[in-house]
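Enquirer: Take a look at this one; I'll ask things after.
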Amino acid sequence: MDDDLILRGLDGDLPGPELEALARWRAADPAHERRYRQLERLSAVLAEQERGSVPARPDPGSLIRRSRVRSRPSGSERRWLFGLAAAAVIGVVGFGVLEIYLGSTRNRDSIVRDLMTGPGEASTVQLADGSVVRLAPDSRLSFRADQRREVWLDGTAYFAVAKQEGRPFVVRTRAGSTTVLGTRFELQATADRLRVVVVEGRVAVENEGKRIEVDGGEMTFVGSGVDPVVNKVSEPSELVGWVGKVLLFRDTPLERAVSEIERTYPIEIQIDDSILRRHLVTATFPEQPVEQVVNTVCRILDADCVMHRDTVRVRRRR
Amino acid sequence: MTPGTPPAGSDPELSRLAQGDECAFGILLERHWPGVVGYAARLVASAEVAQDIAQEAFVRLWDRRAEWTGTDARPILFRIARNLGYDHCRAEAVRGRWASAQRRQGIPVSMPDVGAVEAEDLRTAIERALAALSDREREVVILSRLRGLPRAEVAVVTGLAPGTVSNLLSSAMARLWQMLEPHLGERPTLGAGRRLRRI
């Protein structure tokens with residue numbers, strides 16, 4: 001008799017004839033009965049293993065509200081975007097995968113969407129203009145589905161803003177607003193304070209009528225009653241470590257992109273060609289294996305890459 | 001069937017959920033919360049994260065209410081929780097989910113020897129024996145024997161064929177018995193009238 005049939009008998013999951021066969025089998029030999037009792041005892045102690053206090057059940061209304069607030073879509077509205085690593089300069093598509101949340105279908109182009117993250121949860125969204133935002137845990141980003149380059153942030157987010165001449169990208173927070181053209185930076189916004197870390201490019205921060213400009217490799221704090229001071233940061237990427245293995249490049253010089261890849265993964269990338277090094281890279285890598293990141297970069301560069309252990313040699317294709 | 005576990009096909013509220021019936025959602029939450037949060041706790045080891053995962057599973061059940069058919073919410077919820085749990089483990093770059101979880105709880109994962117098992121508390125011995133199973137064996141044991149899901153639901157949650165579920169369950173139970181027999185089996189005589197302690 002198969003153990004699975006005995007277990008199904010114990011679960012009351014056997015039809016009559018098989019149940020009778022099981023009974024006959026048990027009666028035929030004391031060893032059979034012993035095996036039945038063993039599985040019965042084992043099943044009982046395993047089921048008992050899960051007994052214990054159960055955390056309080058949440059209020060159903062709070063879960064439904066959570067669903068509504070973050071405007072998560074129904075299946076038909078859910079968009080999985082593959083190949084988001086659009087290479088703006090080079091025109092080659094990479095392999096990024098992002099989940100984008102779109103809200104109500106009504107008046108879709110002007111309605112404000114909300115993306116919220118819970119504790120321990122980070123999320124990445126691509127906006128209609130091509131900019132990508134990595135939202136840290138316990139944060140909220142409101143944005144529009146249309147091309148308007150204006151978002152609202154409560155919490156922490158890392159931005160990789162697509163460059164569009166004459167069309168600044170504005171992040172509004174309760175503690176001030178930040179205007180950029182095309183850059184990568186992190187904002188930490190609370191009710192009365194805003195921290196700005198610029199990884200690349202330049203941003204303008206405004207608060208209470210004061211305006212201050214922050215360049216790549218600099219950071220500042222602004223807030224009520226605080227005179228903003230710009231400080232140099234030796235390695236801004238280290239201040240945004242929470243982003244994890246998500247790499248966002250928007251018109252990023254290859255040398256800088258390589259340095260971030262090397263810091264994120266245990267790998268060394270050698271590029272001997274000065275022409276290759278001048279390339280700009282636009283790509284999104286959401287927690288992908290290093291081989292995939294390297295392959296995508298090589299495709300963007302249209303270069304030959306040879307990977308040996310922890311070293312990658314990149315050469316211009318002849 | 002684990003006591004207190006709702007039988008298969010017990011969720012007629014699922015069709016009302018599709019109409020946006022919040023009462024139906026409340027009933028499903030009450031019925032399946034213990035099972036989902038218990039299963040999530042098996043996936044991630046942290047009780048706090050398990051609660052987050054269980055809550056998120058119900059939020060997604062509501063989010064996608066128009067998609068669900070049938071009268072079984074449990075396999076849907078367990079599958080969502082399973083995906084969330086695995087995502088969480090991947091995000092934390094946890095190598096060997098179960099092994100790490102057990103290490104955090106201070107439970108060794110190596111195959112127990114009989115002498116060591118003898119002195120252990122039964123509960124700990126069971127955890128050690130579960131940890132010694134293969135990932136797939138452990139998963140079907142947790143779903144079938146610990147959470148009380150019928151084979152068909154285990155197959156839906158894990159994405160395995162029903163026959164594979166049965167085979168894995170049979171082999172896992174045989175191995176579990178082998179490891180736990182000192183705690184659960186007949187009392188073997190040790191000579192001079194001494195017996196193994198039975199818990």
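The chains in the structure tokens are called A, B, ... from first to last as shown; in each chain the residues are counted from 1, and the ligands are counted from 1 in the order shown.
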Pick out the residues sitting within 12 Å of Ser171 in chain B, and hand them over as a compact mmCIF listing (two decimals) with N, CA and C atoms, in the first residue's frame; count only C-alpha atoms, and ignore anything fewer than 3 positions along from it in its own chain.
Expert:
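So part-v1.txt came out as:
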# COMPACT_ATOMS: atom_id res chain seq x y z
N ASP A 2 0.62 2.15 -0.90
CA ASP A 2 1.38 3.39 -1.02
C ASP A 2 1.11 4.30 0.18
N ASP A 3 2.19 4.92 0.69
CA ASP A 3 2.01 5.84 1.82
C ASP A 3 1.02 6.95 1.51
N ASP A 4 1.03 7.38 0.26
CA ASP A 4 0.14 8.48 -0.11
C ASP A 4 -1.33 8.07 0.05
N LEU B 133 14.85 18.01 5.01
CA LEU B 133 14.19 17.59 3.76
C LEU B 133 14.67 18.46 2.61
N SER B 134 14.41 18.01 1.40
CA SER B 134 14.69 18.87 0.24
C SER B 134 13.66 20.01 0.25
N ARG B 136 11.58 21.00 -1.97
CA ARG B 136 10.25 20.64 -2.50
C ARG B 136 9.52 19.72 -1.54
N GLU B 137 10.26 18.77 -0.95
CA GLU B 137 9.60 17.89 0.03
C GLU B 137 9.05 18.71 1.19
N ARG B 138 9.90 19.62 1.67
CA ARG B 138 9.48 20.43 2.82
C ARG B 138 8.24 21.24 2.48
N VAL B 140 5.83 20.66 0.32
CA VAL B 140 4.57 19.91 0.25
C VAL B 140 4.17 19.40 1.65
N VAL B 141 5.14 19.10 2.50
CA VAL B 141 4.80 18.70 3.87
C VAL B 141 4.16 19.85 4.62
N THR B 164 3.28 14.45 -8.70
CA THR B 164 4.57 14.83 -8.10
C THR B 164 4.37 15.17 -6.63
N VAL B 165 3.27 15.86 -6.35
CA VAL B 165 2.97 16.21 -4.95
C VAL B 165 2.86 14.93 -4.11
N SER B 166 2.13 13.94 -4.63
CA SER B 166 1.96 12.69 -3.90
C SER B 166 3.29 11.98 -3.68
N ASN B 167 4.10 11.93 -4.73
CA ASN B 167 5.40 11.27 -4.60
C ASN B 167 6.30 11.96 -3.58
N LEU B 168 6.32 13.30 -3.68
CA LEU B 168 7.16 14.05 -2.74
C LEU B 168 6.69 13.85 -1.31
N ALA B 174 8.29 9.38 4.75
CA ALA B 174 9.15 8.25 5.10
C ALA B 174 10.43 8.76 5.77
N ARG B 175 10.98 9.84 5.23
CA ARG B 175 12.22 10.38 5.81
C ARG B 175 11.94 11.00 7.18
N LEU B 176 10.82 11.67 7.28
CA LEU B 176 10.49 12.29 8.58
C LEU B 176 10.34 11.22 9.66
N TRP B 177 9.66 10.13 9.27
CA TRP B 177 9.48 9.06 10.27
C TRP B 177 10.84 8.50 10.71
N GLN B 178 11.70 8.33 9.72
CA GLN B 178 13.04 7.81 10.01
C GLN B 178 13.76 8.71 11.01
Enquirer: Please provide the set of residues having any atom within 7 Å of range 42-54 of chain A, restricted to only C-alpha atoms, with same-chain residues fewer than 2 positions apart removed, written as a list in words.
Expert: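 Within the cut-off, the hits are Gln38, Leu39, Glu40 and Ala56 of chain A; Thr2, Pro34, Arg123, Arg145, Leu146 and Trp177 of chain B.
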Enquirer: So that I can see what lies close to Leu77 in chain B, please list as JSON, numbers by chain the residues with an atom at most 12 Å from it, counting only C-alpha atoms and leaving out residues fewer than 6 positions away in the same chain.
Expert: {"B": [14, 28, 29, 31, 32, 33, 34, 35, 36, 37, 38, 39, 40, 53, 54, 55, 56, 57, 58, 59, 60, 61, 62, 64, 65, 68, 83, 84, 85, 153, 156, 157]}
Enquirer: Take the selection from the previous step and output its residues with C-alpha atoms, as a PDB file, in the first residue's frame.
Expert:
ATOM      1  CA  LEU B  14     -15.321  34.653  -3.816  1.00  0.00           C
ATOM      2  CA  LEU B  28     -12.657  35.509   3.716  1.00  0.00           C
ATOM      3  CA  LEU B  29     -10.174  37.446   5.837  1.00  0.00           C
ATOM      4  CA  ARG B  31     -11.633  32.435   7.594  1.00  0.00           C
ATOM      5  CA  HIS B  32      -8.179  32.370   6.050  1.00  0.00           C
ATOM      6  CA  TRP B  33      -6.090  34.814   8.077  1.00  0.00           C
ATOM      7  CA  PRO B  34      -4.682  32.172  10.484  1.00  0.00           C
ATOM      8  CA  GLY B  35      -3.712  29.850   7.640  1.00  0.00           C
ATOM      9  CA  VAL B  36      -2.124  32.510   5.458  1.00  0.00           C
ATOM     10  CA  VAL B  37      -0.161  34.174   8.240  1.00  0.00           C
ATOM     11  CA  GLY B  38       0.964  30.765   9.515  1.00  0.00           C
ATOM     12  CA  TYR B  39       2.126  29.721   6.080  1.00  0.00           C
ATOM     13  CA  ALA B  40       3.899  33.057   5.555  1.00  0.00           C
ATOM     14  CA  ILE B  53       3.062  39.291   3.633  1.00  0.00           C
ATOM     15  CA  ALA B  54      -0.280  37.939   4.825  1.00  0.00           C
ATOM     16  CA  GLN B  55      -1.808  41.419   4.761  1.00  0.00           C
ATOM     17  CA  GLU B  56      -0.422  42.058   1.304  1.00  0.00           C
ATOM     18  CA  ALA B  57      -1.852  38.740   0.104  1.00  0.00           C
ATOM     19  CA  PHE B  58      -5.325  39.850   1.185  1.00  0.00           C
ATOM     20  CA  VAL B  59      -4.849  43.307  -0.322  1.00  0.00           C
ATOM     21  CA  ARG B  60      -3.989  41.649  -3.629  1.00  0.00           C
ATOM     22  CA  LEU B  61      -6.945  39.300  -3.299  1.00  0.00           C
ATOM     23  CA  TRP B  62      -9.090  42.436  -3.124  1.00  0.00           C
ATOM     24  CA  ARG B  64      -7.656  41.587  -8.374  1.00  0.00           C
ATOM     25  CA  ARG B  65     -11.102  40.479  -7.216  1.00  0.00           C
ATOM     26  CA  TRP B  68     -10.900  35.092  -9.337  1.00  0.00           C
ATOM     27  CA  ASN B  83       5.389  34.501  -4.266  1.00  0.00           C
ATOM     28  CA  LEU B  84       5.696  37.391  -1.833  1.00  0.00           C
ATOM     29  CA  GLY B  85       7.685  35.258   0.574  1.00  0.00           C
ATOM     30  CA  GLU B 153      -4.562  22.726  -3.630  1.00  0.00           C
ATOM     31  CA  VAL B 156      -2.043  24.762  -7.403  1.00  0.00           C
ATOM     32  CA  VAL B 157       0.036  26.625  -4.827  1.00  0.00           C
TER      33      VAL B 157
END
Enquirer: Please give the complete set of residues from range 152-265 of chain A that DSSP, run on the backbone, assigns to alpha helix (DSSP H), formatted as an MDAnalysis selection string.
Expert: chainID A and resid 236:239 254:264
Enquirer: May I ask for the distance between CA of Glu30 in chain B and CA of Asp11 in chain B, given in Å to one decimal place?
Expert: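 Taking CA of Glu30 in chain B as the start and CA of Asp11 in chain B as the end point, the length is 11.7 Å.
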Enquirer: Would you list, as a PyMOL selection string, the residues of range 107-308 of chain A that end up in strand (DSSP E) under DSSP run on this structure's backbone?
Expert: chain A and resi 112-116+123-126+132-135+140-144+150-160+169-173+176-180+184-189+193-200+202-207+210-215+218-223+230-232+246-253+268-271+280-286+303-308
Enquirer: With distances taken over only C-alpha atoms, which residue among A:His32, A:Arg113, A:Lys163, A:Arg193 lies nearest Gly130 in chain A?
Expert: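 Once distances to Gly130 in chain A are computed over only C-alpha atoms, the minimum belongs to A:Lys163.
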Enquirer: Env of Gly217 in chain A: 6 Å cut, atoms = only C-alpha atoms, seq-sep filter 3 positions within chain, self excluded. Answer as a ChimeraX atom specification.
Expert: /A:198-199,233,236
Enquirer: Can you list, as a PDB file with C-alpha atoms, in the first residue's frame, every protein, DNA or RNA residue that comes within 9 Å of Val133 in chain A when you count only C-alpha atoms, leaving out same-chain residues fewer than 6 positions away?
Expert:
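Full text of around21.pdb as output:
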ATOM      1  CA  SER A 123       9.406  49.808  -5.560  1.00  0.00           C
ATOM      2  CA  THR A 124      10.474  51.180  -8.912  1.00  0.00           C
ATOM      3  CA  VAL A 125       8.292  53.059 -11.351  1.00  0.00           C
ATOM      4  CA  GLN A 126       8.907  54.532 -14.764  1.00  0.00           C
ATOM      5  CA  LEU A 127       7.071  57.765 -15.465  1.00  0.00           C
ATOM      6  CA  LEU A 141       5.035  59.167  -4.698  1.00  0.00           C
ATOM      7  CA  ALA A 157      13.161  58.291  -3.392  1.00  0.00           C
ATOM      8  CA  TYR A 158      15.998  58.051  -5.872  1.00  0.00           C
ATOM      9  CA  PHE A 159      15.370  59.739  -9.212  1.00  0.00           C
ATOM     10  CA  ALA A 160      16.943  59.141 -12.596  1.00  0.00           C
ATOM     11  CA  VAL A 161      15.423  61.939 -14.646  1.00  0.00           C
ATOM     12  CA  LEU A 248      19.435  53.536 -12.887  1.00  0.00           C
TER      13      LEU A 248
END
